[in-house]
Structures are given as C-alpha cells and as structure tokens.
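Visitor: Here you go, this is start_27.cif (mmCIF, all heavy atoms).
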```cif
data_entry
#
loop_
_atom_site.label_atom_id
_atom_site.label_comp_id
_atom_site.auth_asym_id
_atom_site.auth_seq_id
_atom_site.Cartn_x
_atom_site.Cartn_y
_atom_site.Cartn_z
N MET A 1 -23.29 -72.39 18.04
CA MET A 1 -23.67 -71.68 19.23
C MET A 1 -24.32 -70.35 18.80
O MET A 1 -23.80 -69.67 17.93
CB MET A 1 -22.43 -71.43 20.09
CG MET A 1 -22.69 -70.55 21.28
SD MET A 1 -21.24 -70.22 22.29
CE MET A 1 -20.65 -71.85 22.61
N THR A 2 -25.40 -70.01 19.45
CA THR A 2 -26.07 -68.75 19.13
C THR A 2 -25.42 -67.60 19.89
O THR A 2 -24.66 -67.81 20.84
CB THR A 2 -27.56 -68.82 19.52
OG1 THR A 2 -27.66 -68.90 20.95
CG2 THR A 2 -28.26 -70.00 18.87
N GLU A 3 -25.75 -66.39 19.48
CA GLU A 3 -25.26 -65.22 20.20
C GLU A 3 -25.78 -65.21 21.63
O GLU A 3 -25.07 -64.80 22.55
CB GLU A 3 -25.69 -63.93 19.49
CG GLU A 3 -24.94 -63.65 18.23
CD GLU A 3 -25.36 -62.37 17.56
OE1 GLU A 3 -26.30 -61.70 18.02
OE2 GLU A 3 -24.73 -62.01 16.55
N VAL A 4 -26.99 -65.67 21.82
CA VAL A 4 -27.57 -65.73 23.17
C VAL A 4 -26.76 -66.67 24.04
O VAL A 4 -26.40 -66.34 25.18
CB VAL A 4 -29.06 -66.16 23.12
CG1 VAL A 4 -29.60 -66.43 24.52
CG2 VAL A 4 -29.90 -65.11 22.41
N GLU A 5 -26.44 -67.86 23.51
CA GLU A 5 -25.65 -68.83 24.28
C GLU A 5 -24.26 -68.30 24.58
O GLU A 5 -23.77 -68.45 25.71
CB GLU A 5 -25.57 -70.15 23.51
CG GLU A 5 -26.89 -70.88 23.40
CD GLU A 5 -26.85 -72.01 22.39
OE1 GLU A 5 -26.07 -71.95 21.42
OE2 GLU A 5 -27.62 -72.97 22.60
N LEU A 6 -23.63 -67.67 23.59
CA LEU A 6 -22.30 -67.11 23.81
C LEU A 6 -22.35 -66.01 24.86
O LEU A 6 -21.52 -65.96 25.77
CB LEU A 6 -21.71 -66.58 22.51
CG LEU A 6 -20.31 -65.97 22.60
CD1 LEU A 6 -19.31 -66.98 23.15
CD2 LEU A 6 -19.87 -65.44 21.24
N ALA A 7 -23.32 -65.13 24.75
CA ALA A 7 -23.47 -64.05 25.72
C ALA A 7 -23.64 -64.60 27.13
O ALA A 7 -23.04 -64.10 28.08
CB ALA A 7 -24.65 -63.16 25.34
N GLN A 8 -24.45 -65.65 27.26
CA GLN A 8 -24.66 -66.26 28.58
C GLN A 8 -23.36 -66.84 29.12
O GLN A 8 -23.05 -66.68 30.30
CB GLN A 8 -25.74 -67.33 28.50
CG GLN A 8 -27.12 -66.76 28.32
CD GLN A 8 -28.18 -67.83 28.07
OE1 GLN A 8 -27.87 -68.97 27.71
NE2 GLN A 8 -29.44 -67.45 28.24
N ARG A 9 -22.59 -67.53 28.29
CA ARG A 9 -21.31 -68.11 28.73
C ARG A 9 -20.32 -67.03 29.16
O ARG A 9 -19.51 -67.26 30.05
CB ARG A 9 -20.69 -68.94 27.62
CG ARG A 9 -21.35 -70.25 27.40
CD ARG A 9 -20.55 -71.08 26.44
NE ARG A 9 -21.25 -72.32 26.13
CZ ARG A 9 -20.70 -73.33 25.50
NH1 ARG A 9 -19.44 -73.26 25.10
NH2 ARG A 9 -21.38 -74.42 25.25
N LEU A 10 -20.38 -65.88 28.50
CA LEU A 10 -19.44 -64.80 28.79
C LEU A 10 -19.95 -63.85 29.86
O LEU A 10 -19.19 -63.01 30.34
CB LEU A 10 -19.16 -64.00 27.51
CG LEU A 10 -18.45 -64.77 26.40
CD1 LEU A 10 -18.46 -63.95 25.12
CD2 LEU A 10 -17.04 -65.10 26.83
N GLY A 11 -21.22 -63.95 30.21
CA GLY A 11 -21.78 -63.01 31.18
C GLY A 11 -21.97 -61.63 30.58
O GLY A 11 -21.88 -60.62 31.29
N LEU A 12 -22.23 -61.58 29.27
CA LEU A 12 -22.42 -60.32 28.56
C LEU A 12 -23.82 -60.28 27.98
O LEU A 12 -24.50 -61.29 27.90
CB LEU A 12 -21.40 -60.19 27.42
CG LEU A 12 -19.93 -60.21 27.82
CD1 LEU A 12 -19.06 -60.31 26.57
CD2 LEU A 12 -19.58 -58.98 28.62
N SER A 13 -24.23 -59.12 27.53
CA SER A 13 -25.55 -59.01 26.90
C SER A 13 -25.48 -59.48 25.45
O SER A 13 -24.44 -59.38 24.79
CB SER A 13 -26.06 -57.56 26.95
OG SER A 13 -25.30 -56.74 26.09
N ARG A 14 -26.60 -59.97 24.95
CA ARG A 14 -26.65 -60.40 23.56
C ARG A 14 -26.42 -59.22 22.61
O ARG A 14 -25.69 -59.37 21.62
CB ARG A 14 -27.96 -61.11 23.23
CG ARG A 14 -27.88 -61.82 21.89
CD ARG A 14 -29.12 -61.73 21.02
NE ARG A 14 -29.82 -60.49 20.99
CZ ARG A 14 -29.61 -59.50 20.11
NH1 ARG A 14 -28.70 -59.61 19.18
NH2 ARG A 14 -30.34 -58.42 20.16
N PRO A 15 -26.99 -58.03 22.88
CA PRO A 15 -26.71 -56.90 21.99
C PRO A 15 -25.21 -56.55 21.91
O PRO A 15 -24.71 -56.18 20.86
CB PRO A 15 -27.52 -55.75 22.59
CG PRO A 15 -28.64 -56.42 23.30
CD PRO A 15 -28.04 -57.68 23.85
N TYR A 16 -24.51 -56.68 23.03
CA TYR A 16 -23.07 -56.40 23.01
C TYR A 16 -22.33 -57.42 22.16
O TYR A 16 -21.49 -57.07 21.34
CB TYR A 16 -22.50 -56.39 24.43
CG TYR A 16 -21.01 -56.10 24.45
CD1 TYR A 16 -20.55 -54.81 24.34
CD2 TYR A 16 -20.08 -57.12 24.55
CE1 TYR A 16 -19.17 -54.53 24.32
CE2 TYR A 16 -18.72 -56.87 24.54
CZ TYR A 16 -18.28 -55.57 24.42
OH TYR A 16 -16.93 -55.31 24.41
N VAL A 17 -22.65 -58.70 22.33
CA VAL A 17 -22.02 -59.75 21.54
C VAL A 17 -22.32 -59.53 20.06
O VAL A 17 -21.45 -59.67 19.20
CB VAL A 17 -22.48 -61.15 22.00
CG1 VAL A 17 -22.03 -62.24 21.05
CG2 VAL A 17 -21.97 -61.43 23.41
N ASN A 18 -23.54 -59.13 19.74
CA ASN A 18 -23.90 -58.84 18.36
C ASN A 18 -23.10 -57.67 17.81
O ASN A 18 -22.63 -57.72 16.66
CB ASN A 18 -25.40 -58.56 18.25
CG ASN A 18 -25.80 -58.20 16.84
OD1 ASN A 18 -25.85 -57.02 16.48
ND2 ASN A 18 -26.07 -59.21 16.03
N ALA A 19 -22.94 -56.63 18.60
CA ALA A 19 -22.18 -55.46 18.17
C ALA A 19 -20.72 -55.83 17.89
O ALA A 19 -20.13 -55.34 16.92
CB ALA A 19 -22.26 -54.35 19.21
N VAL A 20 -20.16 -56.71 18.69
CA VAL A 20 -18.78 -57.19 18.46
C VAL A 20 -18.74 -57.98 17.16
O VAL A 20 -17.87 -57.77 16.31
CB VAL A 20 -18.28 -58.04 19.64
CG1 VAL A 20 -16.97 -58.73 19.30
CG2 VAL A 20 -18.12 -57.17 20.89
N ALA A 21 -19.71 -58.89 16.99
CA ALA A 21 -19.74 -59.73 15.79
C ALA A 21 -19.90 -58.91 14.51
O ALA A 21 -19.37 -59.28 13.46
CB ALA A 21 -20.87 -60.75 15.90
N CYS A 22 -20.61 -57.80 14.62
CA CYS A 22 -20.84 -56.94 13.45
C CYS A 22 -19.76 -55.89 13.26
O CYS A 22 -19.83 -55.07 12.34
CB CYS A 22 -22.20 -56.25 13.58
SG CYS A 22 -23.58 -57.39 13.46
N GLY A 23 -18.76 -55.87 14.14
CA GLY A 23 -17.66 -54.92 14.02
C GLY A 23 -17.99 -53.52 14.50
O GLY A 23 -17.28 -52.57 14.18
N LYS A 24 -19.05 -53.40 15.28
CA LYS A 24 -19.45 -52.09 15.80
C LYS A 24 -18.80 -51.76 17.13
O LYS A 24 -18.81 -50.62 17.56
CB LYS A 24 -20.97 -52.03 15.94
CG LYS A 24 -21.69 -52.13 14.61
CD LYS A 24 -23.18 -52.13 14.79
CE LYS A 24 -23.87 -52.28 13.43
NZ LYS A 24 -25.32 -52.39 13.57
N LYS A 25 -18.26 -52.77 17.79
CA LYS A 25 -17.56 -52.60 19.08
C LYS A 25 -16.19 -53.23 18.96
O LYS A 25 -16.01 -54.25 18.30
CB LYS A 25 -18.32 -53.28 20.22
CG LYS A 25 -19.64 -52.68 20.57
CD LYS A 25 -19.46 -51.52 21.49
CE LYS A 25 -20.82 -51.02 21.97
NZ LYS A 25 -20.72 -49.84 22.74
N ASN A 26 -15.22 -52.64 19.62
CA ASN A 26 -13.88 -53.21 19.71
C ASN A 26 -13.76 -53.97 21.01
O ASN A 26 -14.42 -53.66 22.00
CB ASN A 26 -12.83 -52.11 19.67
CG ASN A 26 -12.81 -51.40 18.34
OD1 ASN A 26 -12.97 -52.02 17.29
ND2 ASN A 26 -12.61 -50.10 18.36
N VAL A 27 -12.90 -54.97 21.02
CA VAL A 27 -12.68 -55.77 22.23
C VAL A 27 -11.20 -55.76 22.58
O VAL A 27 -10.35 -55.51 21.73
CB VAL A 27 -13.18 -57.21 22.06
CG1 VAL A 27 -14.67 -57.26 21.88
CG2 VAL A 27 -12.49 -57.91 20.90
N THR A 28 -10.91 -56.08 23.83
CA THR A 28 -9.53 -56.19 24.29
C THR A 28 -9.03 -57.61 24.03
O THR A 28 -9.82 -58.52 23.74
CB THR A 28 -9.42 -55.89 25.79
OG1 THR A 28 -10.12 -56.92 26.51
CG2 THR A 28 -10.00 -54.53 26.13
N VAL A 29 -7.74 -57.80 24.15
CA VAL A 29 -7.17 -59.13 24.00
C VAL A 29 -7.73 -60.06 25.08
O VAL A 29 -8.00 -61.23 24.81
CB VAL A 29 -5.63 -59.08 24.06
CG1 VAL A 29 -5.03 -60.47 24.07
CG2 VAL A 29 -5.08 -58.27 22.89
N ILE A 30 -7.93 -59.54 26.26
CA ILE A 30 -8.50 -60.36 27.35
C ILE A 30 -9.90 -60.82 26.97
O ILE A 30 -10.26 -61.98 27.17
CB ILE A 30 -8.49 -59.59 28.67
CG1 ILE A 30 -7.05 -59.37 29.13
CG2 ILE A 30 -9.31 -60.31 29.75
CD1 ILE A 30 -6.89 -58.42 30.29
N GLN A 31 -10.71 -59.92 26.41
CA GLN A 31 -12.06 -60.31 25.99
C GLN A 31 -12.01 -61.34 24.86
O GLN A 31 -12.80 -62.28 24.84
CB GLN A 31 -12.85 -59.08 25.54
CG GLN A 31 -13.21 -58.15 26.69
CD GLN A 31 -13.76 -56.82 26.21
OE1 GLN A 31 -13.29 -56.25 25.24
NE2 GLN A 31 -14.78 -56.33 26.90
N LEU A 32 -11.06 -61.17 23.93
CA LEU A 32 -10.91 -62.15 22.86
C LEU A 32 -10.56 -63.53 23.43
O LEU A 32 -11.07 -64.55 22.96
CB LEU A 32 -9.82 -61.72 21.89
CG LEU A 32 -10.16 -60.62 20.89
CD1 LEU A 32 -8.92 -60.24 20.09
CD2 LEU A 32 -11.27 -61.07 19.97
N GLU A 33 -9.67 -63.56 24.42
CA GLU A 33 -9.29 -64.82 25.05
C GLU A 33 -10.50 -65.49 25.70
O GLU A 33 -10.70 -66.70 25.55
CB GLU A 33 -8.19 -64.59 26.08
CG GLU A 33 -7.74 -65.83 26.81
CD GLU A 33 -7.04 -66.84 25.93
OE1 GLU A 33 -6.42 -66.45 24.93
OE2 GLU A 33 -7.14 -68.05 26.23
N ARG A 34 -11.31 -64.71 26.39
CA ARG A 34 -12.52 -65.26 27.03
C ARG A 34 -13.50 -65.79 25.99
O ARG A 34 -14.11 -66.84 26.18
CB ARG A 34 -13.19 -64.21 27.89
CG ARG A 34 -12.40 -63.89 29.14
CD ARG A 34 -13.07 -62.82 29.97
NE ARG A 34 -12.24 -62.49 31.11
CZ ARG A 34 -12.31 -61.34 31.75
NH1 ARG A 34 -13.18 -60.42 31.39
NH2 ARG A 34 -11.52 -61.11 32.79
N MET A 35 -13.64 -65.07 24.88
CA MET A 35 -14.53 -65.53 23.81
C MET A 35 -14.02 -66.82 23.20
O MET A 35 -14.80 -67.74 22.95
CB MET A 35 -14.68 -64.45 22.74
CG MET A 35 -15.48 -63.27 23.20
SD MET A 35 -15.55 -62.01 21.91
CE MET A 35 -16.47 -60.74 22.76
N ALA A 36 -12.72 -66.90 22.97
CA ALA A 36 -12.14 -68.12 22.42
C ALA A 36 -12.38 -69.30 23.35
O ALA A 36 -12.77 -70.38 22.90
CB ALA A 36 -10.64 -67.92 22.17
N GLN A 37 -12.17 -69.09 24.65
CA GLN A 37 -12.39 -70.17 25.62
C GLN A 37 -13.85 -70.60 25.62
O GLN A 37 -14.15 -71.79 25.68
CB GLN A 37 -11.97 -69.72 27.01
CG GLN A 37 -10.48 -69.62 27.18
CD GLN A 37 -10.08 -69.06 28.54
OE1 GLN A 37 -10.91 -68.61 29.32
NE2 GLN A 37 -8.79 -69.07 28.81
N ALA A 38 -14.77 -69.65 25.54
CA ALA A 38 -16.20 -69.97 25.53
C ALA A 38 -16.57 -70.78 24.30
O ALA A 38 -17.51 -71.58 24.34
CB ALA A 38 -17.03 -68.69 25.58
N LEU A 39 -15.82 -70.58 23.21
CA LEU A 39 -16.07 -71.32 21.98
C LEU A 39 -15.25 -72.60 21.89
O LEU A 39 -15.29 -73.31 20.88
CB LEU A 39 -15.76 -70.42 20.77
CG LEU A 39 -16.68 -69.22 20.61
CD1 LEU A 39 -16.11 -68.25 19.58
CD2 LEU A 39 -18.08 -69.66 20.21
N GLY A 40 -14.47 -72.89 22.94
CA GLY A 40 -13.66 -74.09 22.95
C GLY A 40 -12.44 -74.00 22.04
O GLY A 40 -11.99 -75.01 21.50
N MET A 41 -11.92 -72.78 21.88
CA MET A 41 -10.79 -72.56 20.99
C MET A 41 -9.65 -71.90 21.75
O MET A 41 -9.85 -71.37 22.83
CB MET A 41 -11.21 -71.65 19.84
CG MET A 41 -12.39 -72.17 19.05
SD MET A 41 -12.96 -71.00 17.83
CE MET A 41 -11.78 -71.32 16.55
N ARG A 42 -8.45 -71.94 21.13
CA ARG A 42 -7.30 -71.22 21.67
C ARG A 42 -7.10 -69.97 20.84
O ARG A 42 -7.29 -69.98 19.62
CB ARG A 42 -6.05 -72.09 21.59
CG ARG A 42 -6.05 -73.22 22.59
CD ARG A 42 -4.80 -74.06 22.52
NE ARG A 42 -3.60 -73.25 22.38
CZ ARG A 42 -2.54 -73.61 21.68
NH1 ARG A 42 -2.53 -74.74 21.03
NH2 ARG A 42 -1.49 -72.81 21.59
N LEU A 43 -6.68 -68.90 21.47
CA LEU A 43 -6.41 -67.65 20.79
C LEU A 43 -4.92 -67.55 20.52
O LEU A 43 -4.10 -67.74 21.41
CB LEU A 43 -6.87 -66.47 21.65
CG LEU A 43 -6.63 -65.08 21.07
CD1 LEU A 43 -7.47 -64.88 19.81
CD2 LEU A 43 -6.94 -64.02 22.10
N HIS A 44 -4.57 -67.27 19.28
CA HIS A 44 -3.18 -67.06 18.90
C HIS A 44 -3.11 -65.73 18.17
O HIS A 44 -3.77 -65.53 17.16
CB HIS A 44 -2.68 -68.18 18.00
CG HIS A 44 -1.29 -67.96 17.50
ND1 HIS A 44 -0.18 -68.25 18.27
CD2 HIS A 44 -0.83 -67.46 16.35
CE1 HIS A 44 0.90 -67.93 17.58
NE2 HIS A 44 0.53 -67.44 16.42
N ILE A 45 -2.30 -64.82 18.68
CA ILE A 45 -2.13 -63.51 18.07
C ILE A 45 -0.67 -63.34 17.70
O ILE A 45 0.21 -63.54 18.53
CB ILE A 45 -2.56 -62.38 19.02
CG1 ILE A 45 -4.03 -62.54 19.39
CG2 ILE A 45 -2.30 -61.02 18.39
CD1 ILE A 45 -4.50 -61.55 20.44
N ALA A 46 -0.43 -62.99 16.46
CA ALA A 46 0.93 -62.76 15.99
C ALA A 46 1.05 -61.33 15.50
O ALA A 46 0.19 -60.83 14.79
CB ALA A 46 1.27 -63.73 14.88
N PHE A 47 2.10 -60.67 15.89
CA PHE A 47 2.40 -59.32 15.43
C PHE A 47 3.59 -59.40 14.49
O PHE A 47 4.60 -59.99 14.80
CB PHE A 47 2.71 -58.40 16.62
CG PHE A 47 1.56 -58.22 17.55
CD1 PHE A 47 1.42 -59.02 18.67
CD2 PHE A 47 0.58 -57.27 17.30
CE1 PHE A 47 0.36 -58.85 19.54
CE2 PHE A 47 -0.47 -57.09 18.14
CZ PHE A 47 -0.59 -57.89 19.27
N ASP A 48 3.44 -58.81 13.34
CA ASP A 48 4.49 -58.85 12.34
C ASP A 48 4.72 -57.44 11.81
O ASP A 48 3.83 -56.85 11.19
CB ASP A 48 4.08 -59.79 11.20
CG ASP A 48 5.16 -59.89 10.13
OD1 ASP A 48 6.32 -59.57 10.42
OD2 ASP A 48 4.83 -60.31 9.02
N ASP A 49 5.89 -56.91 12.04
CA ASP A 49 6.22 -55.59 11.54
C ASP A 49 7.30 -55.74 10.47
O ASP A 49 8.48 -55.84 10.76
CB ASP A 49 6.71 -54.68 12.66
CG ASP A 49 6.97 -53.25 12.18
OD1 ASP A 49 6.63 -52.95 11.03
OD2 ASP A 49 7.49 -52.46 12.97
N ASP A 50 6.85 -55.78 9.23
CA ASP A 50 7.79 -55.94 8.13
C ASP A 50 8.24 -54.60 7.56
O ASP A 50 8.93 -54.54 6.55
CB ASP A 50 7.20 -56.81 7.02
CG ASP A 50 5.90 -56.24 6.47
OD1 ASP A 50 5.53 -55.10 6.80
OD2 ASP A 50 5.24 -56.95 5.70
N GLY A 51 7.83 -53.51 8.21
CA GLY A 51 8.25 -52.19 7.79
C GLY A 51 7.42 -51.59 6.67
O GLY A 51 7.73 -50.51 6.17
N ASP A 52 6.32 -52.25 6.31
CA ASP A 52 5.47 -51.76 5.22
C ASP A 52 4.31 -50.91 5.69
O ASP A 52 3.32 -50.75 5.00
CB ASP A 52 4.93 -52.93 4.39
CG ASP A 52 6.00 -53.60 3.57
OD1 ASP A 52 7.05 -52.97 3.34
OD2 ASP A 52 5.80 -54.75 3.16
N GLY A 53 4.37 -50.38 6.89
CA GLY A 53 3.28 -49.53 7.38
C GLY A 53 2.50 -50.22 8.48
O GLY A 53 3.02 -51.08 9.17
N PRO A 54 1.22 -49.84 8.63
CA PRO A 54 0.39 -50.40 9.72
C PRO A 54 0.32 -51.91 9.65
O PRO A 54 0.44 -52.50 8.57
CB PRO A 54 -0.98 -49.77 9.48
CG PRO A 54 -0.70 -48.55 8.67
CD PRO A 54 0.51 -48.87 7.84
N LEU A 55 0.12 -52.51 10.81
CA LEU A 55 0.04 -53.97 10.88
C LEU A 55 -1.12 -54.48 10.11
O LEU A 55 -2.17 -54.14 10.09
CB LEU A 55 -0.04 -54.43 12.34
CG LEU A 55 1.17 -54.09 13.20
CD1 LEU A 55 0.93 -54.55 14.62
CD2 LEU A 55 2.41 -54.78 12.67
#
```
Mind turning this structure into structure tokens?

Guide:
Amino acid sequence: MTEVELAQRLGLSRPYVNAVACGKKNVTVIQLERMAQALGMRLHIAFDDDGDGPL
C-alpha cells in the first residue's frame, strides 16, 4: 500500500502520513489503532516496567 492509499483510507494528508512514517510526527494510540485497521492488522501494545529506567 502506498502512502497515498493509506492517507486516503485514514482521511489524512499524504504529507502527514509521510511525517509519521519518517518519525517526524508523533501519533496517539487511537491513531495507531486506526492505522493498523487500515493496514488489515491488529495493534498490540505491551508496557513493561522492569525497573531499569524508561520503557
């Protein structure tokens, strides 16, 4: 899938999708879930605090 196709499925601009893909923009968990759905995937997020500092 191209960035253009993904942007169209998400209702976002292609430059925004590109900025996310390049790590220039941060996204919320809700946005990640929508992106996963658009790509036909499930989103799984695990938080692990083993006491060694930042996650």

Visitor: Apply the PyMOL selection byres ((chain A and resi 26) around 4) to the structure shown and report the selected residues as a PyMOL selection string.

Guide: chain A and resi 16+25+27

Visitor: Evaluate the PyMOL selection byres ((chain A and resi 35-39) around 5) against this structure - the residues, as a ChimeraX atom specification, please.

Guide: /A:1,6,9-10,12,16,20,27,31-34,40-43

Visitor: Go ahead and fit an axis-aligned box to every listed atom of range 9-19 of chain A plus 6 Å each side, and pass me the centre and edge lengths in Å, one decimal, as lines of an AutoDock Vina configuration file.

Guide:
```
center_x = -23.6
center_y = -64.4
center_z = 23.7
size_x = 25.4
size_y = 32.1
size_z = 27.3
```

Visitor: Interatomic distance between CA of Glu3 in chain A and CA of His44 in chain A?

Guide: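 Separation between CA of Glu3 in chain A and CA of His44 in chain A: 22.2 Å.
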
Visitor: Please indicate the distance in Å from atom C of Glu5 in chain A to CG2 of Val17 in chain A, rounded to one decimal place.

Guide: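 Computing it gives 7.3 Å between the two atoms.
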
Visitor: Suppose you want the space between CA of Asn18 in chain A and CE2 of Phe47 in chain A; what is it in Å?

Guide: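 We find that CA of Asn18 in chain A and CE2 of Phe47 in chain A lie 23.5 Å from each other.
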
Visitor: Taking the DSSP assignment computed from this structure's backbone, write out as a ChimeraX atom specification all residues of chain A that belong to alpha helix (DSSP H).

Guide: /A:3-10,14-21,29-38
